[in-house]
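Data from query-v7.txt: compact mmCIF, C-alpha atoms and all ligand atoms
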# COMPACT_ATOMS: atom_id res chain seq x y z
CA MET A 84 -14.28 -7.10 10.49
CA ALA A 85 -16.79 -4.27 10.59
CA VAL A 86 -16.58 -1.33 13.00
CA SER A 87 -19.55 0.14 14.85
CA ASP A 88 -21.13 3.47 14.02
CA PHE A 89 -19.99 4.61 17.46
CA GLU A 90 -16.34 3.90 16.61
CA LEU A 91 -16.57 5.61 13.24
CA VAL A 92 -18.37 8.66 14.67
CA GLN A 93 -15.59 8.95 17.25
CA ALA A 94 -13.00 8.79 14.49
CA TRP A 95 -14.80 11.51 12.50
CA ARG A 96 -15.05 13.57 15.67
CA GLN A 97 -11.27 13.44 16.06
CA VAL A 98 -10.67 14.29 12.39
CA LEU A 99 -13.04 17.27 12.51
CA GLU A 100 -11.54 18.46 15.79
CA LEU A 101 -8.02 18.32 14.32
CA SER A 102 -9.39 20.10 11.24
CA ASN A 103 -10.64 22.99 13.42
CA LEU A 104 -14.25 22.67 12.32
CA LYS A 105 -16.36 25.24 14.17
CA ALA A 106 -20.06 25.67 14.96
CA GLY A 107 -21.78 27.47 12.10
CA ASP A 108 -19.26 26.26 9.47
CA THR A 109 -20.69 24.69 6.33
CA VAL A 110 -19.55 21.21 5.33
CA ALA A 111 -20.22 19.74 1.89
CA LEU A 112 -20.27 15.95 1.81
CA LEU A 113 -19.39 14.94 -1.72
CA THR A 114 -20.85 11.55 -2.63
CA SER A 115 -21.34 9.34 -5.64
CA GLY A 116 -22.37 5.79 -6.52
CA ASP A 117 -19.52 4.13 -4.62
CA THR A 118 -19.71 6.18 -1.42
CA ASN A 119 -19.70 4.04 1.71
CA ALA A 120 -23.06 4.46 3.47
CA GLN A 121 -21.65 4.02 6.98
CA THR A 122 -18.88 6.55 6.36
CA LEU A 123 -21.44 9.09 5.10
CA ARG A 124 -23.89 8.46 7.95
CA CYS A 125 -21.24 8.82 10.64
CA ALA A 126 -19.68 11.90 9.03
CA ILE A 127 -23.04 13.71 9.06
CA ILE A 128 -23.53 12.88 12.76
CA ALA A 129 -20.06 14.18 13.65
CA VAL A 130 -20.51 17.36 11.60
CA GLN A 131 -23.87 18.12 13.21
CA GLU A 132 -22.52 17.33 16.64
CA LYS A 133 -20.02 20.18 16.06
CA GLY A 134 -22.89 22.56 15.35
CA ALA A 135 -21.86 22.80 11.70
CA ILE A 136 -24.17 22.54 8.68
CA ALA A 137 -24.01 19.27 6.70
CA ASN A 138 -24.95 19.52 3.01
CA ARG A 139 -24.74 16.45 0.83
CA LEU A 140 -23.87 16.87 -2.84
CA ASP A 141 -24.34 13.67 -4.80
CA LEU A 142 -22.63 13.64 -8.19
CA GLN A 143 -22.87 11.24 -11.08
CA PRO A 144 -19.86 8.98 -11.67
CA THR A 145 -17.59 9.65 -14.65
CA ASN A 146 -14.94 7.65 -16.53
CA GLY A 147 -16.50 4.29 -15.70
CA ALA A 148 -16.60 3.15 -19.29
CA LEU A 149 -13.06 4.40 -19.95
CA SER A 150 -11.45 2.75 -16.94
CA PHE A 151 -9.99 -0.75 -16.73
CA SER A 152 -11.27 -1.16 -13.17
CA ARG A 153 -13.66 0.24 -10.56
CA ASP A 154 -10.78 1.75 -8.58
CA PRO A 155 -11.38 5.53 -8.56
CA LEU A 156 -7.68 6.09 -9.27
CA ALA A 157 -7.60 3.88 -12.36
CA TYR A 158 -8.64 6.76 -14.61
CA VAL A 159 -7.98 10.27 -13.37
CA GLY A 160 -9.15 12.38 -16.30
CA LYS A 161 -12.37 14.35 -16.13
CA THR A 162 -14.26 14.50 -12.85
CA PRO A 163 -17.97 15.03 -12.09
CA LEU A 164 -17.06 18.70 -11.50
CA THR A 165 -15.80 19.25 -15.04
CA ASP A 166 -18.15 21.81 -16.69
CA ASN A 167 -20.37 21.62 -13.59
CA ARG A 168 -20.33 25.23 -12.40
CA ALA A 169 -23.25 24.91 -9.98
CA ALA A 170 -21.51 22.13 -8.05
CA VAL A 171 -18.16 23.96 -8.02
CA GLU A 172 -19.78 27.11 -6.64
CA MET A 173 -21.49 25.14 -3.87
CA LEU A 174 -18.19 23.57 -2.85
CA LYS A 175 -16.38 26.92 -2.99
CA ALA A 176 -19.02 28.39 -0.70
CA SER A 177 -18.43 25.63 1.89
CA THR A 178 -15.93 25.83 4.75
CA MET A 179 -14.89 22.24 4.18
CA VAL A 180 -15.49 19.51 1.64
CA LEU A 181 -15.54 15.90 2.81
CA ASP A 182 -14.80 14.05 -0.39
CA LEU A 183 -16.38 10.61 -0.04
CA MET A 184 -16.20 9.90 -3.80
CA THR A 185 -12.55 10.68 -4.87
CA LEU A 186 -12.13 13.99 -6.53
CA LEU A 187 -8.52 14.10 -7.60
CA PHE A 188 -6.26 15.78 -10.13
CA SER A 189 -8.68 18.40 -11.40
CA ALA A 190 -8.61 22.10 -12.16
CA GLU A 191 -11.85 22.43 -10.20
CA GLN A 192 -10.23 21.01 -7.08
CA HIS A 193 -7.51 23.66 -7.41
CA GLU A 194 -10.12 26.34 -7.80
CA ILE A 195 -11.89 25.27 -4.59
CA LEU A 196 -8.62 25.20 -2.65
CA ALA A 197 -7.49 28.54 -4.07
CA ALA A 198 -10.75 30.04 -2.80
CA GLY A 199 -9.72 28.96 0.72
CA GLY A 200 -11.73 25.75 0.82
CA ARG A 201 -10.45 22.65 2.59
CA ILE A 202 -10.88 19.20 1.05
CA LEU A 203 -10.50 15.94 2.94
CA LEU A 204 -10.66 12.73 0.92
CA ALA A 205 -11.94 9.69 2.85
CA VAL A 206 -12.89 6.64 0.80
CA GLU A 207 -11.12 3.70 2.42
CA PRO A 208 -13.33 1.12 4.19
CA PRO A 209 -14.59 2.21 7.66
CA GLU A 210 -12.35 -0.19 9.58
CA VAL A 211 -9.28 1.18 7.77
CA LEU A 212 -10.37 4.74 8.59
CA VAL A 213 -10.75 3.82 12.25
CA ARG A 214 -7.41 1.98 12.43
CA MET A 215 -5.64 4.97 10.92
CA THR A 216 -7.56 7.80 12.58
CA PRO A 217 -5.10 10.69 12.31
CA THR A 218 -3.40 12.23 15.32
CA ALA A 219 -1.51 15.44 15.99
CA GLU A 220 1.66 13.29 16.15
CA ASP A 221 1.09 12.19 12.55
CA ARG A 222 1.24 15.83 11.52
CA THR A 223 4.39 16.48 13.56
CA ARG A 224 6.18 13.49 11.99
CA VAL A 225 5.19 14.38 8.43
CA LEU A 226 6.18 18.04 8.84
CA ALA A 227 9.53 17.14 10.40
CA ALA A 228 10.30 14.91 7.41
CA SER A 229 9.03 17.61 5.08
CA ALA A 230 11.53 20.13 6.44
CA LYS A 231 14.33 17.72 5.42
CA LEU A 232 12.86 17.11 1.97
CA GLN A 233 12.27 20.81 1.38
CA ALA A 234 15.91 21.60 2.12
CA ALA A 235 17.24 18.89 -0.22
CA LYS A 236 18.45 19.43 -3.76
CA THR A 237 18.64 15.76 -4.72
CA MET A 238 17.06 12.43 -3.83
CA ARG A 239 18.83 9.17 -4.56
CA VAL A 240 17.22 5.78 -4.09
CA THR A 241 19.08 2.47 -4.01
CA SER A 242 18.23 -1.13 -3.15
CA ALA A 243 19.93 -4.50 -2.94
CA ALA A 244 17.61 -5.58 -5.77
CA GLY A 245 19.46 -3.22 -8.11
CA THR A 246 17.69 0.14 -7.86
CA ASP A 247 19.86 3.20 -8.31
CA ALA A 248 17.94 6.29 -9.37
CA SER A 249 18.36 10.00 -8.77
CA PHE A 250 16.00 12.96 -8.86
CA ALA A 251 16.67 16.72 -8.75
CA LEU A 252 14.40 18.56 -6.32
CA GLY A 253 13.27 22.09 -5.63
CA ASP A 254 10.86 23.10 -8.37
CA TYR A 255 7.69 21.59 -6.91
CA PRO A 256 5.86 21.88 -3.59
CA MET A 257 5.69 19.28 -0.83
CA LEU A 258 2.75 16.88 -0.62
CA GLU A 259 2.37 16.54 3.15
CA GLU A 260 -0.34 13.98 3.88
CA TYR A 261 -1.18 13.58 7.54
CA GLY A 262 -4.91 12.96 7.36
CA PHE A 263 -6.69 16.19 8.30
CA VAL A 264 -7.22 19.70 6.96
CA ASP A 265 -6.29 22.25 9.59
CA ALA A 266 -5.75 25.28 7.34
CA PRO A 267 -7.69 27.06 4.58
CA GLY A 268 -6.68 25.88 1.10
CA ARG A 269 -5.45 22.53 2.40
CA TRP A 270 -6.12 19.18 0.72
CA ASP A 271 -5.47 15.93 2.57
CA HIS A 272 -6.37 12.29 2.61
CA TRP A 273 -7.54 10.20 5.57
CA PRO A 274 -5.93 7.68 6.01
CA SER A 275 -2.39 8.65 5.10
CA GLY A 276 0.88 9.63 6.72
CA PHE A 277 3.45 10.09 4.00
CA LEU A 278 5.47 12.71 2.30
CA ALA A 279 6.17 13.37 -1.36
CA THR A 280 7.26 15.94 -3.85
CA TRP A 281 7.80 15.94 -7.61
CA SER A 282 11.23 15.74 -9.18
CA ASN A 283 12.29 18.66 -11.33
CA GLU A 284 11.05 18.28 -14.89
CA GLY A 285 13.30 15.97 -16.89
CA SER A 286 15.62 15.13 -13.99
CA ALA A 287 14.69 11.55 -13.03
CA GLU A 288 17.52 9.25 -14.12
CA GLY A 289 18.66 5.71 -13.41
CA THR A 290 17.18 2.29 -12.82
CA ILE A 291 14.39 1.18 -10.51
CA VAL A 292 14.17 -2.55 -9.94
CA LEU A 293 10.83 -3.55 -8.46
CA ALA A 294 11.35 -6.63 -6.33
CA PRO A 295 8.94 -9.47 -5.56
CA GLY A 296 6.45 -8.18 -2.98
CA ASP A 297 6.59 -4.59 -4.22
CA ILE A 298 3.17 -3.26 -5.12
CA LEU A 299 1.48 -1.75 -8.16
CA LEU A 300 -1.55 0.52 -7.65
CA PRO A 301 -4.29 0.73 -8.87
CA GLN A 302 -3.65 -2.86 -9.97
CA LYS A 303 -3.37 -3.78 -6.29
CA SER A 304 -1.01 -6.60 -7.01
CA TYR A 305 2.12 -7.78 -5.25
CA LEU A 306 4.81 -8.48 -7.82
CA SER A 307 5.99 -12.06 -7.98
CA ALA A 308 9.10 -11.39 -10.07
CA PRO A 309 11.46 -8.43 -10.66
CA VAL A 310 10.39 -5.62 -13.00
CA THR A 311 13.07 -3.17 -14.13
CA CYS A 312 12.16 0.42 -15.04
CA HIS A 313 14.76 2.51 -16.87
CA LEU A 314 14.41 6.24 -16.20
CA GLU A 315 15.87 8.87 -18.50
CA LYS A 316 15.23 12.62 -18.61
CA GLY A 317 12.20 12.36 -16.34
CA PHE A 318 10.43 9.53 -18.14
CA VAL A 319 10.24 5.76 -17.82
CA ARG A 320 11.79 4.75 -21.15
CA ALA A 321 11.63 0.97 -20.79
CA ILE A 322 9.93 -1.58 -18.54
CA GLU A 323 11.54 -5.02 -18.54
CA GLY A 324 10.63 -8.27 -16.86
CA GLY A 325 8.17 -11.10 -17.20
CA PHE A 326 4.41 -11.20 -17.37
CA GLU A 327 3.96 -8.43 -14.80
CA ALA A 328 6.12 -6.00 -16.80
CA GLU A 329 4.09 -6.83 -19.88
CA HIS A 330 0.84 -6.33 -17.99
CA LEU A 331 2.01 -2.92 -16.74
CA ARG A 332 3.07 -1.82 -20.23
CA ASP A 333 -0.22 -3.00 -21.74
CA TYR A 334 -2.18 -0.96 -19.20
CA MET A 335 -0.06 2.18 -19.66
CA ASP A 336 -0.04 1.91 -23.46
CA SER A 337 -3.83 1.64 -23.50
CA PHE A 338 -4.06 5.36 -22.63
CA ASN A 339 -2.34 6.17 -25.91
CA ASP A 340 -0.54 9.09 -24.35
CA PRO A 341 3.27 9.39 -24.03
CA GLU A 342 2.78 11.48 -20.88
CA VAL A 343 1.69 8.43 -18.89
CA TYR A 344 5.37 7.45 -18.70
CA ALA A 345 6.47 10.64 -16.95
CA VAL A 346 7.76 10.24 -13.40
CA SER A 347 5.26 11.85 -11.00
CA HIS A 348 5.50 12.19 -7.21
CA ILE A 349 8.32 10.62 -5.18
CA GLY A 350 8.59 10.24 -1.42
CA TRP A 351 8.38 7.85 1.48
CA GLY A 352 5.89 6.41 3.99
CA LEU A 353 5.73 7.53 7.62
CA GLN A 354 2.64 5.78 8.98
CA HIS A 355 3.24 2.98 11.49
CA ARG A 356 -0.46 2.03 11.55
CA ALA A 357 -0.29 1.24 7.82
CA HIS A 358 0.86 -2.24 6.91
CA TRP A 359 2.35 -3.76 3.77
CA SER A 360 0.46 -7.03 4.27
CA VAL A 361 -3.08 -5.55 4.55
CA MET A 362 -3.72 -5.40 0.80
CA GLY A 363 -3.47 -9.17 0.55
CA PHE A 364 -6.60 -9.56 2.66
CA TYR A 365 -8.90 -7.29 0.66
CA ASP A 366 -10.81 -7.72 -2.52
CA ARG A 367 -9.32 -5.42 -5.10
CA GLU A 368 -12.45 -3.29 -5.35
CA ALA A 369 -12.84 -2.89 -1.60
CA SER A 370 -9.98 -0.46 -1.04
CA ILE A 371 -7.73 1.99 -2.90
CA GLY A 372 -4.62 0.70 -1.13
CA MET A 373 -3.63 3.41 1.34
CA ASP A 374 -1.83 0.89 3.56
CA PRO A 375 0.96 0.27 1.05
CA ARG A 376 1.07 3.97 0.05
CA ALA A 377 1.62 5.17 3.62
CA CYS A 378 3.48 2.22 5.16
CA ALA A 379 6.44 3.47 7.25
CA GLY A 380 9.76 3.12 5.46
CA ASN A 381 8.48 2.47 1.97
CA PHE A 382 9.74 4.34 -1.09
CA LEU A 383 6.67 5.50 -3.01
CA TRP A 384 7.10 6.71 -6.55
CA SER A 385 4.59 7.15 -9.31
CA THR A 386 3.98 7.93 -12.94
CA GLY A 387 1.66 10.27 -14.79
CA PRO A 388 0.13 13.62 -13.89
CA ASN A 389 1.69 16.52 -12.02
CA ASN A 390 -1.24 18.95 -12.17
CA GLU A 391 -1.86 18.18 -8.50
CA ALA A 392 1.44 20.00 -7.88
CA GLY A 393 0.66 22.92 -10.15
CA GLY A 394 2.27 21.34 -13.22
CA THR A 395 0.64 21.09 -16.64
CA ARG A 396 0.64 17.30 -17.09
CA ASP A 397 -2.90 15.99 -16.68
CA THR A 398 -2.68 12.53 -18.18
CA ALA A 399 -5.40 10.10 -17.07
CA CYS A 400 -3.07 7.25 -16.07
CA HIS A 401 -1.52 7.34 -12.61
CA ILE A 402 0.43 4.40 -11.17
CA ASP A 403 1.60 4.48 -7.55
CA ILE A 404 4.41 2.08 -6.76
CA PRO A 405 5.27 1.44 -3.09
CA MET A 406 8.58 -0.39 -2.73
CA ARG A 407 10.10 -2.14 0.24
CA ASN A 408 13.74 -2.46 1.34
CA CYS A 409 14.97 0.70 -0.37
CA THR A 410 17.42 3.30 0.90
CA VAL A 411 16.29 6.89 0.32
CA MET A 412 18.96 9.58 0.55
CA LEU A 413 18.53 13.35 0.54
CA ASP A 414 21.74 15.11 -0.55
CA GLY A 415 23.60 11.95 0.45
CA VAL A 416 22.00 11.57 3.90
CA ALA A 417 19.69 8.58 4.37
CA VAL A 418 16.15 9.09 5.72
CA VAL A 419 15.14 5.49 4.98
CA GLN A 420 17.73 2.70 5.21
CA ASP A 421 16.89 -0.69 3.67
CA GLY A 422 13.18 -0.01 4.16
CA LYS A 423 13.45 1.23 7.76
CA LEU A 424 12.62 4.77 8.77
CA LEU A 425 15.79 6.20 10.27
CA GLU A 426 13.88 8.65 12.47
CA ASP A 427 12.72 5.58 14.44
CA GLN A 428 16.29 5.07 15.54
CA GLU A 429 16.94 8.71 16.46
FE FE A 501 -0.21 9.00 -6.37
So, in terms of structure tokens, how does the structure I just supplied come out?
Ligand SMILES: [Fe+2]
Amino acid sequence: MAVSDFELVQAWRQVLELSNLKAGDTVALLTSGDTNAQTLRCAIIAVQEKGAIANRLDLQPTNGALSFSRDPLAYVGKTPLTDNRAAVEMLKASTMVLDLMTLLFSAEQHEILAAGGRILLAVEPPEVLVRMTPTAEDRTRVLAASAKLQAAKTMRVTSAAGTDASFALGDYPMLEEYGFVDAPGRWDHWPSGFLATWSNEGSAEGTIVLAPGDILLPQKSYLSAPVTCHLEKGFVRAIEGGFEAEHLRDYMDSFNDPEVYAVSHIGWGLQHRAHWSVMGFYDREASIGMDPRACAGNFLWSTGPNNEAGGTRDTACHIDIPMRNCTVMLDGVAVVQDGKLLEDQE
């Protein structure tokens, strides 16, 4: 069901307030062919209401012909900012970038952040944005979990379905997604509410058994049968199962790049307003699937690039895999038990 402009303006107002936007600041609204018109319209109203300057920068889409789908995360290679110095300089000169097109995994994004810019990605449908309007409590919860993850040297994940995998930690930064950008140089994504990091290069080992109901993104499919992924020295070395395993391999192989099989970010969901079942109600092209990514108590792991974390791997294929009913342990202490956030019981 749609939301009103009033509701969406109120949501933007809260996001900009939490992001410390001030009168006189300059906001760049980054748009492209798929930008939601209501989201853009309401963002401009909320920015102007703050007394800030709203500049729209509309960029041409890229990768469309290379991608297997219209999901902006289905091909994460070049972006509309690649070799586009004029656009990069405009964004660097802005206090804040509201990314309504999906600018991810690019050197240019790093450059903007390094210059003190703030980037907030917001591309989910308006009603999803409103349902998961971020709060200060979201930040508190994510940062509390982050302190635990930051102190840990190992993560181990198990499940009754047969998962038993381990990851060495410590070499990469935390990805703390709580939905607003309250500090210079910060990137975030509204809606979100999860925590991740990247395992040390070459350290991911073991077996991950995806169970029926677990989700593949950007495919946006619920698995109907088990898929077993064998991890060795930081890479997925084999994917076994039925049709869905074959489909996954076919997609990954199509990139013709061994790096697509590297293990990327690992972490868990902390957002109670995100729901595992939501994806089943949406057309695949209507959403990028933040509900399953952020859903409280999931184990979210992924494959592909690590340049977002300052690594050198910039492969164009990125699969996010939210799993249910897993136990996630940090140095032997569970933070998620059988798919339930343990902090909820504290
Ligand atoms: Fe991801």
Enumerate as a PyMOL selection string the residues within 8 Å of ligand FE 501 (chain A), counting only C-alpha atoms and all ligand atoms. chain A and resi 347-348+384-386+401-403
Could you list, as a PyMOL selection string, every residue within 12 Å of region 325-341 of chain A, counting all atoms listed in the file and ignoring same-chain residues fewer than 4 positions away? chain A and resi 149-152+157-160+292-295+297-312+318-321+345-346+386-388+396-404
Would you mind listing what lies within 12 Å of Ser370 (chain A) as a PyMOL selection string, with only C-alpha atoms counted and same-chain residues fewer than 2 positions away left out? chain A and resi 117-119+153-156+205-212+274+300-303+361-368+372-376
Neighbours of Lys316 (chain A) within 10 Å (only C-alpha atoms; same-chain residues fewer than 5 positions away dropped), as a ChimeraX atom specification? /A:250,283-289,345-346
CA of Ala379 (chain A) and CA of Leu424 (chain A), how far apart in Å?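 Computing the Euclidean distance for CA of Leu424 (chain A) and CA of Ala379 (chain A) yields 6.5 Å.
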Please identify all polymer residues within 9 Å of Leu204 (chain A), counting only C-alpha atoms, omitting same-chain residues fewer than 2 positions from it, and present them as a list in words.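 After dropping sequence-adjacent residues, the list is Val180, Leu181, Asp182, Leu183, Met184, Thr185, Leu186, Leu187, Ile202, Val206, Gly262, Trp270, Asp271, His272, Trp273 and Pro274 of chain A.
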Rank nothing, just name the residue among A:Gly296, A:Gln93, A:Gln420, A:Thr395 nearest to Ser360 (chain A), using only C-alpha atoms. A:Gly296
Using only C-alpha atoms, which protein or nucleic acid residues come within 6 Å of Leu383 (chain A)? Drop anything in the same chain fewer than 2 positions from it, and give the result as a list in words.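 The contact residues come out as Ile349, Gly350, Trp351, Ile404 and Pro405 of chain A.
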Determine the nearest neighbour of Val419 (chain A) from the options A:Met84, A:Leu164, A:Leu123, A:Met238, counting all atoms listed in the file.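 For Val419 (chain A), the nearest of the given residues is A:Met238.
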Point-to-point distance from CA of Asp108 (chain A) to CA of Ala135 (chain A), Å rounded to tenths: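 Pair CA of Asp108 (chain A) / CA of Ala135 (chain A) returns 4.9 Å.
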Work out how far CA of Glu100 (chain A) is from CA of Lys133 (chain A), in Å to one decimal.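 Value for the CA of Lys133 (chain A)-CA of Glu100 (chain A) distance: 8.7 Å.
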Could region 299-320 of chain A be completed with N, CA and C atoms and written as a PDB file, in the coordinates of the input, please?
ATOM      1  N   LEU A 299       1.978  -2.664  -7.125  1.00  0.00           N
ATOM      2  CA  LEU A 299       1.480  -1.750  -8.160  1.00  0.00           C
ATOM      3  C   LEU A 299       0.063  -1.340  -7.793  1.00  0.00           C
ATOM      4  N   LEU A 300      -0.201  -0.020  -7.873  1.00  0.00           N
ATOM      5  CA  LEU A 300      -1.550   0.520  -7.650  1.00  0.00           C
ATOM      6  C   LEU A 300      -1.901   1.371  -8.862  1.00  0.00           C
ATOM      7  N   PRO A 301      -3.077   1.322  -9.410  1.00  0.00           N
ATOM      8  CA  PRO A 301      -4.290   0.730  -8.870  1.00  0.00           C
ATOM      9  C   PRO A 301      -4.480  -0.759  -9.148  1.00  0.00           C
ATOM     10  N   GLN A 302      -3.481  -1.425  -9.716  1.00  0.00           N
ATOM     11  CA  GLN A 302      -3.650  -2.860  -9.970  1.00  0.00           C
ATOM     12  C   GLN A 302      -3.894  -3.624  -8.669  1.00  0.00           C
ATOM     13  N   LYS A 303      -3.306  -3.103  -7.587  1.00  0.00           N
ATOM     14  CA  LYS A 303      -3.370  -3.780  -6.290  1.00  0.00           C
ATOM     15  C   LYS A 303      -2.846  -5.193  -6.381  1.00  0.00           C
ATOM     16  N   SER A 304      -1.639  -5.284  -6.944  1.00  0.00           N
ATOM     17  CA  SER A 304      -1.010  -6.600  -7.010  1.00  0.00           C
ATOM     18  C   SER A 304       0.384  -6.519  -6.394  1.00  0.00           C
ATOM     19  N   TYR A 305       0.740  -7.608  -5.719  1.00  0.00           N
ATOM     20  CA  TYR A 305       2.120  -7.780  -5.250  1.00  0.00           C
ATOM     21  C   TYR A 305       2.879  -8.425  -6.399  1.00  0.00           C
ATOM     22  N   LEU A 306       4.037  -7.882  -6.738  1.00  0.00           N
ATOM     23  CA  LEU A 306       4.810  -8.480  -7.820  1.00  0.00           C
ATOM     24  C   LEU A 306       5.379  -9.829  -7.374  1.00  0.00           C
ATOM     25  N   SER A 307       5.411 -10.754  -8.318  1.00  0.00           N
ATOM     26  CA  SER A 307       5.990 -12.060  -7.980  1.00  0.00           C
ATOM     27  C   SER A 307       7.388 -12.233  -8.570  1.00  0.00           C
ATOM     28  N   ALA A 308       7.782 -11.311  -9.444  1.00  0.00           N
ATOM     29  CA  ALA A 308       9.100 -11.390 -10.070  1.00  0.00           C
ATOM     30  C   ALA A 308       9.610  -9.968 -10.320  1.00  0.00           C
ATOM     31  N   PRO A 309      10.932  -9.793 -10.473  1.00  0.00           N
ATOM     32  CA  PRO A 309      11.460  -8.430 -10.660  1.00  0.00           C
ATOM     33  C   PRO A 309      10.933  -7.759 -11.938  1.00  0.00           C
ATOM     34  N   VAL A 310      10.735  -6.449 -11.831  1.00  0.00           N
ATOM     35  CA  VAL A 310      10.390  -5.620 -13.000  1.00  0.00           C
ATOM     36  C   VAL A 310      11.356  -4.435 -12.984  1.00  0.00           C
ATOM     37  N   THR A 311      12.060  -4.231 -14.083  1.00  0.00           N
ATOM     38  CA  THR A 311      13.070  -3.170 -14.130  1.00  0.00           C
ATOM     39  C   THR A 311      12.551  -1.990 -14.959  1.00  0.00           C
ATOM     40  N   CYS A 312      12.594  -0.799 -14.348  1.00  0.00           N
ATOM     41  CA  CYS A 312      12.160   0.420 -15.040  1.00  0.00           C
ATOM     42  C   CYS A 312      13.386   1.303 -15.282  1.00  0.00           C
ATOM     43  N   HIS A 313      13.633   1.645 -16.537  1.00  0.00           N
ATOM     44  CA  HIS A 313      14.760   2.510 -16.870  1.00  0.00           C
ATOM     45  C   HIS A 313      14.255   3.948 -16.996  1.00  0.00           C
ATOM     46  N   LEU A 314      14.829   4.840 -16.193  1.00  0.00           N
ATOM     47  CA  LEU A 314      14.410   6.240 -16.200  1.00  0.00           C
ATOM     48  C   LEU A 314      15.450   7.075 -16.936  1.00  0.00           C
ATOM     49  N   GLU A 315      14.961   7.978 -17.780  1.00  0.00           N
ATOM     50  CA  GLU A 315      15.870   8.870 -18.500  1.00  0.00           C
ATOM     51  C   GLU A 315      15.140  10.174 -18.753  1.00  0.00           C
ATOM     52  N   LYS A 316      15.784  11.270 -18.406  1.00  0.00           N
ATOM     53  CA  LYS A 316      15.230  12.620 -18.610  1.00  0.00           C
ATOM     54  C   LYS A 316      13.776  12.744 -18.134  1.00  0.00           C
ATOM     55  N   GLY A 317      13.504  12.160 -16.972  1.00  0.00           N
ATOM     56  CA  GLY A 317      12.200  12.360 -16.340  1.00  0.00           C
ATOM     57  C   GLY A 317      11.112  11.403 -16.773  1.00  0.00           C
ATOM     58  N   PHE A 318      11.444  10.476 -17.667  1.00  0.00           N
ATOM     59  CA  PHE A 318      10.430   9.530 -18.140  1.00  0.00           C
ATOM     60  C   PHE A 318      10.891   8.090 -17.945  1.00  0.00           C
ATOM     61  N   VAL A 319       9.934   7.188 -17.776  1.00  0.00           N
ATOM     62  CA  VAL A 319      10.240   5.760 -17.820  1.00  0.00           C
ATOM     63  C   VAL A 319      10.359   5.400 -19.300  1.00  0.00           C
ATOM     64  N   ARG A 320      11.557   4.993 -19.712  1.00  0.00           N
ATOM     65  CA  ARG A 320      11.790   4.750 -21.150  1.00  0.00           C
ATOM     66  C   ARG A 320      11.642   3.275 -21.512  1.00  0.00           C
TER      67      ARG A 320
END
